[in-house]
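K.L.:
Sharing a structure here in structure tokens format.
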Amino acid sequence: MPIIYHETSREFHLFNGTTSYVIGELVNGHMGQIYYGKRLRDRESFAHLLETTSRPISSDPLTEHCFSMEFAKQEYPCFGTTDYREAAYEIQQTNGSHITDFVYESHKIYEGKPVLQDLPASYVEDAAEATTLEITMKDQLLNLKLILIYTIYEGRPVITRSVRFENEGQETVRLEKVMSLNVDFPDNKFDWIQFSGAWARERTPVVRSLEGSGVTAIESMRGHSSSQQNPFVILKRKNTTEFDGEAFGFSLVYSGNFLAMADVDTFNTTRFMMGINPRNFSWKLEPGCQFQAPEVIMVHTKDGLNALSGSYHSLLQNRVARGYWRNRPRPVLLNNWEATGMEFTEDSIVEIASKGAEVGVELFVLDDGWFGVRTEESGLGDWYVDKRKLPNGLKGLVDRVHDLGLRFGIWIEPEMVNPKSDLFEKHPEYALMTPDRRKSLGRNQMVLDFSNPAVVDCIYDQLMESFQGIELDYIKWDMNCSISECYSPYWGPDRQGEVYHRYILGVYRLYEKMIERFPNMLFESCASGGCRFDAGMLYYAPQAWCSDDTDAIERIHIQYGSSYGYPISSWGAHVSEVPNQQAGRITPLKTRANVAYFGAFGYEMDLNELSPEEIETVKEQVKFMKQYRELIQFGSFYRLSSPWESNIASWMVVSPDKKEALVGVYLLKTDVNCGFTQLKLQGLASELDYKVDGDLVFGGDELMEYGLIPLIAAAHPKQNEYPYSRPMDLCGDFDSKIFVLKAE
Ligand code: GLA
């Protein structure tokens, strides 16, 4: 059993081949944190790892003068006793007090992993894959239980955590804050990495040192996880690199408002916590009721950031994503959004789709504009086909697209309503808005009250009606407006603090209903591109439109940043027209594809506008992707050279047997008579020889220890020719190359 309970010391040791996590009962009955890191040999007690000395001016709950909560490393710290740091939870009682005292009551250890009610979470397919520990803590006065839930995976450096409150008392309490986890680290020698941005520039790694003292935090209050901050944080040691050194990852499996925080005290310890944002959160927990907090997936490594990412890639891809498409190579698609916007007819769509069929695309996706009386101001909420655009209904169009040999996919934005819509006219109370106050609109739309089950059912019924008799293979589920002036007309005044969370539970419920109805559907989530790109979404939709920015150079950054916490198969990446609609930049068609290959590949343009030569190129690209998509989407991915640190960005994928690899190399701007670059590859077999691009042969050891670029340069000495390109013939701004490596 990889979880041992030592009865004498009252300590739990969770371990697998790589990781140890040790916790134990403190002298006051609370749970203390003893160790988290590389695997330790088990022993009866690790209590000597805890420093218990008391310090002047600290309050002492047990008058033993050697124990103060202020200095104790805790599992799930409470508010208001003798610990003045951030608390992991706060509970308001009917007398107004926030003081609680949860002490150990019991525990159970079992094989497997529990399902979290109504929430996404990682899972096991076979109980032997993981072991779970549930520790029940109890506040005697309230008869309230707090269950600390841990699962450790057998073959992965992964521990998941969450908590549940169960009210067995007589009193209704208010949960004012419920973090999913707390980790008290004994030191502060960390860099904190967050993934920040905005619309069209999502998930840029930002590094902040935790040395010193005070709070470092990120959050979302937008009702979705947001492009501003991603619910994924890495704490790494100062000297940790991509391939060496210690790092801890924390990924919240949740898509709504969140908070991630490190509270470093003046004694150089770090308290890290993550969970639902406590701002504007207040959950009324009545007698007999439970509250389940979302899960955090923790990963520990001593082998650098790429190893940490690899563990997340594998877990999210195989044990968070579900369903038919989980491990299947994704179809090459063509989406009409950048080609037509909302202005199209059945014929114009068929013309675009036909060209897609000619170049080998497999799936056509009809984006926004097909329903209601859809304009930029109207239509959302009315999920019936717009017969002005599609006089033969959806079926008429779908049949014609199917006749081209393509599958058909469709765009929806179920969580939204335009004030100009039949739905809003009939049911203004279905929108989230504060009574008697001005309502802010975003994109002329507002967010529906998905905390109200009737709203979710109404949208589901409308969609099912529209999709009746139509064979759909793919749904792009968009969400283009943050929640503002949040208020649910459905819930009473005493439950308004629950609305943000209930909203996201409503989103999950609609996903669940749709998945049940269409088990083989490929869902792609989207929120103005990547505004809701998180591990929670992957449970329902195995891929997400990771950014509205389709410019190849911008996308190198966005995909590179996303890869720290998310697998390649989890994002859509499309070739679009130039000048690029978001960036205005002109990049070669080759480079647009060389970037988009590393994702769920597709086109987002009217291919009819390309020249015959370009169409031939596109045909080659589609062929290439079909040949290598399994390797790309499900191989091991490595970041090799960061676009923020180098003029040459690079990444690669390697097949599980290490016999095949692809390396993408991108020149960000032209660079004349430049210095030497060594691009050292990763993940190959040292003992194998690899054919590079069909003719040159290099050892795996040489490629990893010396590098691809100097080897190619030496094999192809260049004369003084102009323009004076980099070795590898990369020449001119935004040039790029994909190297195919095959073991001999
Ligand atoms: C969002 C999406 C785009 C497109 C439009 C349609 O911005 O991110 O891909 O679907 O909405 O309105």
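Labels for the structure tokens follow display order: chains A, B, ..., residues from 1 in each chain, ligands from 1.
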Give the residue list for ligand 1 at 6 Å, counting only C-alpha atoms and all ligand atoms, as a list in words, sorted by chain and then by residue number.
P.N.:
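Protein and nucleic-acid residues within 6 Å of ligand 1: Trp337, Asp367, Asp368, Cys526, Ala527, Ser528, Gly529 and Asp548 of chain A.
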K.L.:
Can you list, as an mmCIF file with N, CA and C atoms, in the first residue's frame, all residues belonging to range 149-331 of chain A that DSSP tags as helix (DSSP H, G or I)?
P.N.:
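Final output, result-v2.cif:
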data_model
loop_
_atom_site.group_PDB
_atom_site.id
_atom_site.type_symbol
_atom_site.label_atom_id
_atom_site.label_comp_id
_atom_site.auth_asym_id
_atom_site.auth_seq_id
_atom_site.Cartn_x
_atom_site.Cartn_y
_atom_site.Cartn_z
ATOM 1 N N LEU A 305 11.580 21.527 -15.358
ATOM 2 C CA LEU A 305 10.224 21.919 -15.744
ATOM 3 C C LEU A 305 9.648 21.058 -16.855
ATOM 4 N N ASN A 306 10.503 20.584 -17.762
ATOM 5 C CA ASN A 306 9.970 19.712 -18.810
ATOM 6 C C ASN A 306 9.407 18.431 -18.230
ATOM 7 N N ALA A 307 10.073 17.892 -17.217
ATOM 8 C CA ALA A 307 9.574 16.665 -16.591
ATOM 9 C C ALA A 307 8.246 16.944 -15.894
ATOM 10 N N LEU A 308 8.171 18.095 -15.228
ATOM 11 C CA LEU A 308 6.920 18.474 -14.564
ATOM 12 C C LEU A 308 5.786 18.564 -15.596
ATOM 13 N N SER A 309 6.081 19.243 -16.706
ATOM 14 C CA SER A 309 5.062 19.379 -17.759
ATOM 15 C C SER A 309 4.668 18.014 -18.304
ATOM 16 N N GLY A 310 5.660 17.155 -18.510
ATOM 17 C CA GLY A 310 5.379 15.817 -19.053
ATOM 18 C C GLY A 310 4.405 15.056 -18.165
ATOM 19 N N SER A 311 4.557 15.206 -16.850
ATOM 20 C CA SER A 311 3.643 14.510 -15.933
ATOM 21 C C SER A 311 2.229 15.067 -16.063
ATOM 22 N N TYR A 312 2.125 16.388 -16.187
ATOM 23 C CA TYR A 312 0.791 16.973 -16.397
ATOM 24 C C TYR A 312 0.214 16.539 -17.743
ATOM 25 N N HIS A 313 1.060 16.546 -18.789
ATOM 26 C CA HIS A 313 0.550 16.151 -20.110
ATOM 27 C C HIS A 313 -0.073 14.766 -20.033
ATOM 28 N N SER A 314 0.667 13.848 -19.440
ATOM 29 C CA SER A 314 0.195 12.468 -19.411
ATOM 30 C C SER A 314 -1.071 12.326 -18.555
ATOM 31 N N LEU A 315 -1.082 12.969 -17.403
ATOM 32 C CA LEU A 315 -2.251 12.821 -16.526
ATOM 33 C C LEU A 315 -3.492 13.492 -17.137
ATOM 34 N N LEU A 316 -3.331 14.720 -17.625
ATOM 35 C CA LEU A 316 -4.501 15.427 -18.165
ATOM 36 C C LEU A 316 -5.035 14.720 -19.403
ATOM 37 N N GLN A 317 -4.106 14.208 -20.200
ATOM 38 C CA GLN A 317 -4.515 13.561 -21.433
ATOM 39 C C GLN A 317 -5.205 12.214 -21.177
ATOM 40 N N ASN A 318 -4.701 11.484 -20.202
ATOM 41 C CA ASN A 318 -5.193 10.112 -20.013
ATOM 42 C C ASN A 318 -6.110 9.910 -18.823
ATOM 43 N N ARG A 319 -6.042 10.812 -17.833
ATOM 44 C CA ARG A 319 -6.838 10.584 -16.627
ATOM 45 C C ARG A 319 -7.620 11.816 -16.180
#
K.L.:
Please report, as a PyMOL selection string, each residue of range 20-214 of chain A to which DSSP assigns strand (DSSP E or B) when run on this structure's backbone.
P.N.:
chain A and resi 20-25+31-38+74+89-92+102-111+130-139+144-153+158-167+173-185+191-196+204-209+214
K.L.:
Considering only C-alpha atoms, return as a VMD selection string whatever protein or nucleic-acid residues lie within 12 Å of Tyr430 in chain A, sequence-local ones (same chain, fewer than 4 positions apart) excluded.
P.N.:
chain A and resid 381 415 to 419 422 to 426 434 446 to 459 487 to 491
K.L.:
Quick one: residues within 8 Å of range 533-547 of chain A, only C-alpha atoms counted, chain neighbours fewer than 3 positions away excluded, as number ranges by chain?
P.N.:
A: 120-122, 199-202, 225-227, 230-232, 251-255, 316-317, 320-322, 325-326, 508, 511-512, 515, 522-530, 550, 558, 566, 569-573, 600
K.L.:
Counting only C-alpha atoms, what is within 8 Å of Ser576 in chain A, bar same-chain residues fewer than 6 positions away, as a list in words?
P.N.:
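Those residues are Glu338, Thr550, Asp551, Arg592, Tyr603, Glu604 and Met605 of chain A.
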K.L.:
Only N, CA and C atoms, please: the residues just picked out, written as an mmCIF file, in the first residue's frame.
P.N.:
data_model
loop_
_atom_site.group_PDB
_atom_site.id
_atom_site.type_symbol
_atom_site.label_atom_id
_atom_site.label_comp_id
_atom_site.auth_asym_id
_atom_site.auth_seq_id
_atom_site.Cartn_x
_atom_site.Cartn_y
_atom_site.Cartn_z
ATOM 1 N N GLU A 338 -12.846 33.091 -39.529
ATOM 2 C CA GLU A 338 -12.035 34.199 -40.053
ATOM 3 C C GLU A 338 -12.333 34.458 -41.532
ATOM 4 N N THR A 550 -4.317 33.976 -34.146
ATOM 5 C CA THR A 550 -3.835 32.894 -35.017
ATOM 6 C C THR A 550 -2.531 33.265 -35.716
ATOM 7 N N ASP A 551 -1.956 34.406 -35.354
ATOM 8 C CA ASP A 551 -0.673 34.769 -35.952
ATOM 9 C C ASP A 551 0.389 33.753 -35.516
ATOM 10 N N ARG A 592 3.183 29.122 -40.818
ATOM 11 C CA ARG A 592 1.871 29.042 -40.167
ATOM 12 C C ARG A 592 1.526 27.584 -39.881
ATOM 13 N N TYR A 603 -7.482 24.635 -40.468
ATOM 14 C CA TYR A 603 -7.399 25.894 -41.226
ATOM 15 C C TYR A 603 -8.563 26.775 -40.825
ATOM 16 N N GLU A 604 -8.322 28.081 -40.852
ATOM 17 C CA GLU A 604 -9.339 29.045 -40.460
ATOM 18 C C GLU A 604 -9.296 30.167 -41.486
ATOM 19 N N MET A 605 -9.699 29.853 -42.703
ATOM 20 C CA MET A 605 -9.596 30.828 -43.790
ATOM 21 C C MET A 605 -10.411 30.296 -44.973
#
K.L.:
Got a sec: who's within 12 Å of Val115 in chain A, counting only C-alpha atoms, leaving out chain neighbours fewer than 2 positions off, as number ranges by chain?
P.N.:
A: 112-113, 117-125, 132, 149, 151, 162, 292, 294-295, 320
K.L.:
Quick one: residues within 9 Å of Ser20 in chain A, only C-alpha atoms, excluding same-chain residues fewer than 2 positions away - as a list of chain:residue names?
P.N.:
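Near neighbours after the sequence-gap exclusion: A:His13, A:Leu14, A:Phe15, A:Asn16, A:Gly17, A:Thr18, A:Val22, A:Tyr35, A:Tyr36, A:Gly37, A:Lys38, A:Arg39, A:Leu40, A:Arg41, A:Asp42.
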K.L.:
Restricting it to all heavy atoms, dump the selection as a short mmCIF file (atom, residue, chain, number, x, y, z; two decimals), in the first residue's frame.
P.N.:
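Heads up, here's the output in result_1.cif:
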data_model
loop_
_atom_site.label_atom_id
_atom_site.label_comp_id
_atom_site.auth_asym_id
_atom_site.auth_seq_id
_atom_site.Cartn_x
_atom_site.Cartn_y
_atom_site.Cartn_z
N HIS A 13 2.12 8.33 5.71
CA HIS A 13 3.16 8.48 4.69
C HIS A 13 2.57 8.05 3.35
O HIS A 13 2.26 6.88 3.15
CB HIS A 13 4.39 7.63 5.05
CG HIS A 13 5.54 7.85 4.12
ND1 HIS A 13 6.70 7.12 4.18
CD2 HIS A 13 5.73 8.73 3.11
CE1 HIS A 13 7.53 7.53 3.23
NE2 HIS A 13 6.96 8.50 2.58
N LEU A 14 2.39 9.00 2.47
CA LEU A 14 1.93 8.71 1.11
C LEU A 14 3.18 8.68 0.23
O LEU A 14 3.95 9.65 0.23
CB LEU A 14 1.00 9.81 0.58
CG LEU A 14 -0.37 9.99 1.21
CD1 LEU A 14 -0.30 10.59 2.60
CD2 LEU A 14 -1.24 10.88 0.31
N PHE A 15 3.38 7.62 -0.50
CA PHE A 15 4.58 7.58 -1.34
C PHE A 15 4.37 6.70 -2.55
O PHE A 15 3.51 5.82 -2.58
CB PHE A 15 5.79 7.08 -0.54
CG PHE A 15 5.61 5.69 0.01
CD1 PHE A 15 5.97 4.58 -0.74
CD2 PHE A 15 5.06 5.51 1.27
CE1 PHE A 15 5.80 3.31 -0.23
CE2 PHE A 15 4.87 4.22 1.77
CZ PHE A 15 5.24 3.13 1.02
N ASN A 16 5.15 6.97 -3.57
CA ASN A 16 5.28 6.06 -4.71
C ASN A 16 6.76 6.02 -5.05
O ASN A 16 7.59 6.36 -4.18
CB ASN A 16 4.39 6.52 -5.88
CG ASN A 16 4.68 7.94 -6.32
OD1 ASN A 16 5.78 8.45 -6.11
ND2 ASN A 16 3.70 8.60 -6.91
N GLY A 17 7.14 5.62 -6.26
CA GLY A 17 8.56 5.47 -6.57
C GLY A 17 9.34 6.77 -6.49
O GLY A 17 10.56 6.77 -6.29
N THR A 18 8.67 7.90 -6.64
CA THR A 18 9.40 9.16 -6.76
C THR A 18 9.10 10.17 -5.66
O THR A 18 9.93 11.03 -5.37
CB THR A 18 9.05 9.86 -8.10
OG1 THR A 18 7.62 9.94 -8.19
CG2 THR A 18 9.59 9.11 -9.29
N VAL A 22 4.25 13.46 3.76
CA VAL A 22 4.08 12.97 5.13
C VAL A 22 3.28 13.99 5.94
O VAL A 22 3.60 15.19 5.94
CB VAL A 22 5.44 12.73 5.82
CG1 VAL A 22 5.24 12.07 7.18
CG2 VAL A 22 6.36 11.88 4.95
N TYR A 35 6.32 16.66 5.52
CA TYR A 35 7.29 16.63 4.41
C TYR A 35 6.56 16.46 3.09
O TYR A 35 5.61 15.68 3.00
CB TYR A 35 8.26 15.45 4.60
CG TYR A 35 9.21 15.25 3.44
CD1 TYR A 35 10.38 15.99 3.34
CD2 TYR A 35 8.92 14.32 2.43
CE1 TYR A 35 11.24 15.82 2.26
CE2 TYR A 35 9.78 14.14 1.36
CZ TYR A 35 10.94 14.89 1.27
OH TYR A 35 11.79 14.72 0.21
N TYR A 36 7.02 17.20 2.06
CA TYR A 36 6.57 16.95 0.68
C TYR A 36 7.78 17.11 -0.22
O TYR A 36 8.43 18.15 -0.19
CB TYR A 36 5.47 17.94 0.29
CG TYR A 36 4.96 17.78 -1.14
CD1 TYR A 36 4.98 16.54 -1.78
CD2 TYR A 36 4.45 18.87 -1.85
CE1 TYR A 36 4.50 16.39 -3.07
CE2 TYR A 36 3.96 18.73 -3.14
CZ TYR A 36 3.99 17.49 -3.75
OH TYR A 36 3.53 17.34 -5.03
N GLY A 37 8.09 16.07 -0.97
CA GLY A 37 9.23 16.16 -1.88
C GLY A 37 9.60 14.80 -2.41
O GLY A 37 8.76 13.90 -2.56
N LYS A 38 10.90 14.65 -2.69
CA LYS A 38 11.41 13.39 -3.25
C LYS A 38 11.16 12.25 -2.27
O LYS A 38 11.17 12.46 -1.06
CB LYS A 38 12.90 13.56 -3.52
CG LYS A 38 13.45 12.47 -4.40
CD LYS A 38 14.90 12.70 -4.72
CE LYS A 38 15.41 11.42 -5.37
NZ LYS A 38 16.77 11.52 -5.78
N ARG A 39 10.99 11.07 -2.78
CA ARG A 39 10.68 9.90 -1.96
C ARG A 39 11.67 9.73 -0.81
O ARG A 39 12.89 9.81 -1.00
CB ARG A 39 10.72 8.66 -2.88
CG ARG A 39 10.76 7.34 -2.20
CD ARG A 39 9.37 6.94 -1.68
NE ARG A 39 9.48 5.84 -0.75
CZ ARG A 39 9.43 4.56 -1.09
NH1 ARG A 39 9.23 4.23 -2.36
NH2 ARG A 39 9.54 3.61 -0.19
N LEU A 40 11.14 9.50 0.39
CA LEU A 40 11.97 9.18 1.55
C LEU A 40 11.72 7.72 1.92
O LEU A 40 10.61 7.21 1.70
CB LEU A 40 11.58 10.04 2.75
CG LEU A 40 11.76 11.55 2.66
CD1 LEU A 40 11.27 12.21 3.95
CD2 LEU A 40 13.21 11.92 2.39
N ARG A 41 12.72 7.08 2.52
CA ARG A 41 12.48 5.74 3.06
C ARG A 41 11.48 5.88 4.20
O ARG A 41 11.55 6.83 4.98
CB ARG A 41 13.77 5.13 3.58
CG ARG A 41 14.60 4.50 2.48
CD ARG A 41 15.91 4.02 3.01
NE ARG A 41 16.77 5.13 3.39
CZ ARG A 41 17.35 5.24 4.58
NH1 ARG A 41 17.18 4.32 5.53
NH2 ARG A 41 18.13 6.27 4.85
N ASP A 42 10.59 4.93 4.30
CA ASP A 42 9.57 5.03 5.34
C ASP A 42 10.20 4.79 6.72
O ASP A 42 11.19 4.09 6.85
CB ASP A 42 8.46 4.01 5.08
CG ASP A 42 7.29 4.24 6.02
OD1 ASP A 42 6.89 5.40 6.17
OD2 ASP A 42 6.81 3.26 6.61
#
K.L.:
Here is a test: counting only C-alpha atoms, which residue of A:Arg443, A:Lys236, A:Arg203, A:His557 is nearest to Ser642 in chain A?
P.N.:
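Under the stated criterion, the closest residue is A:His557.
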K.L.:
Measuring atom to atom with only C-alpha atoms, identify which of A:Lys177, A:Arg407, A:His224, A:His107 is nearest to Cys531 in chain A.
P.N.:
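With only C-alpha atoms as the atom set, the closest residue is A:His224.
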K.L.:
Rank A:Asn608, A:Ser378, A:Thr677, A:Gln445 by their smallest atom-to-atom distance to Ile709 in chain A, using only C-alpha atoms, and report the top residue only.
P.N.:
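Among the listed residues, A:Thr677 lies closest to Ile709 in chain A.
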K.L.:
Restricting the calculation to only C-alpha atoms, which member of A:Glu609, A:Glu134, A:Asp494, A:Glu75 is positioned closest to Thr172 in chain A?
P.N.:
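Of all the options, A:Asp494 lies closest to Thr172 in chain A.
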K.L.:
Provide the CA of Asn594 in chain A to CA of Leu681 in chain A distance in Å, to one decimal place.
P.N.:
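Computing the Euclidean distance for CA of Asn594 in chain A and CA of Leu681 in chain A yields 17.8 Å.
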K.L.:
Nearest to Thr617 in chain A among A:Ser440, A:Pro56, A:Val359, A:Ile3, with distances taken over only C-alpha atoms: which residue is it?
P.N.:
A:Val359
K.L.:
From the options A:Thr94, A:Cys486, A:Leu472, A:Ser354, which residue's atoms come nearest to Arg437 in chain A, counting only C-alpha atoms?
P.N.:
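Closest candidate: A:Cys486.
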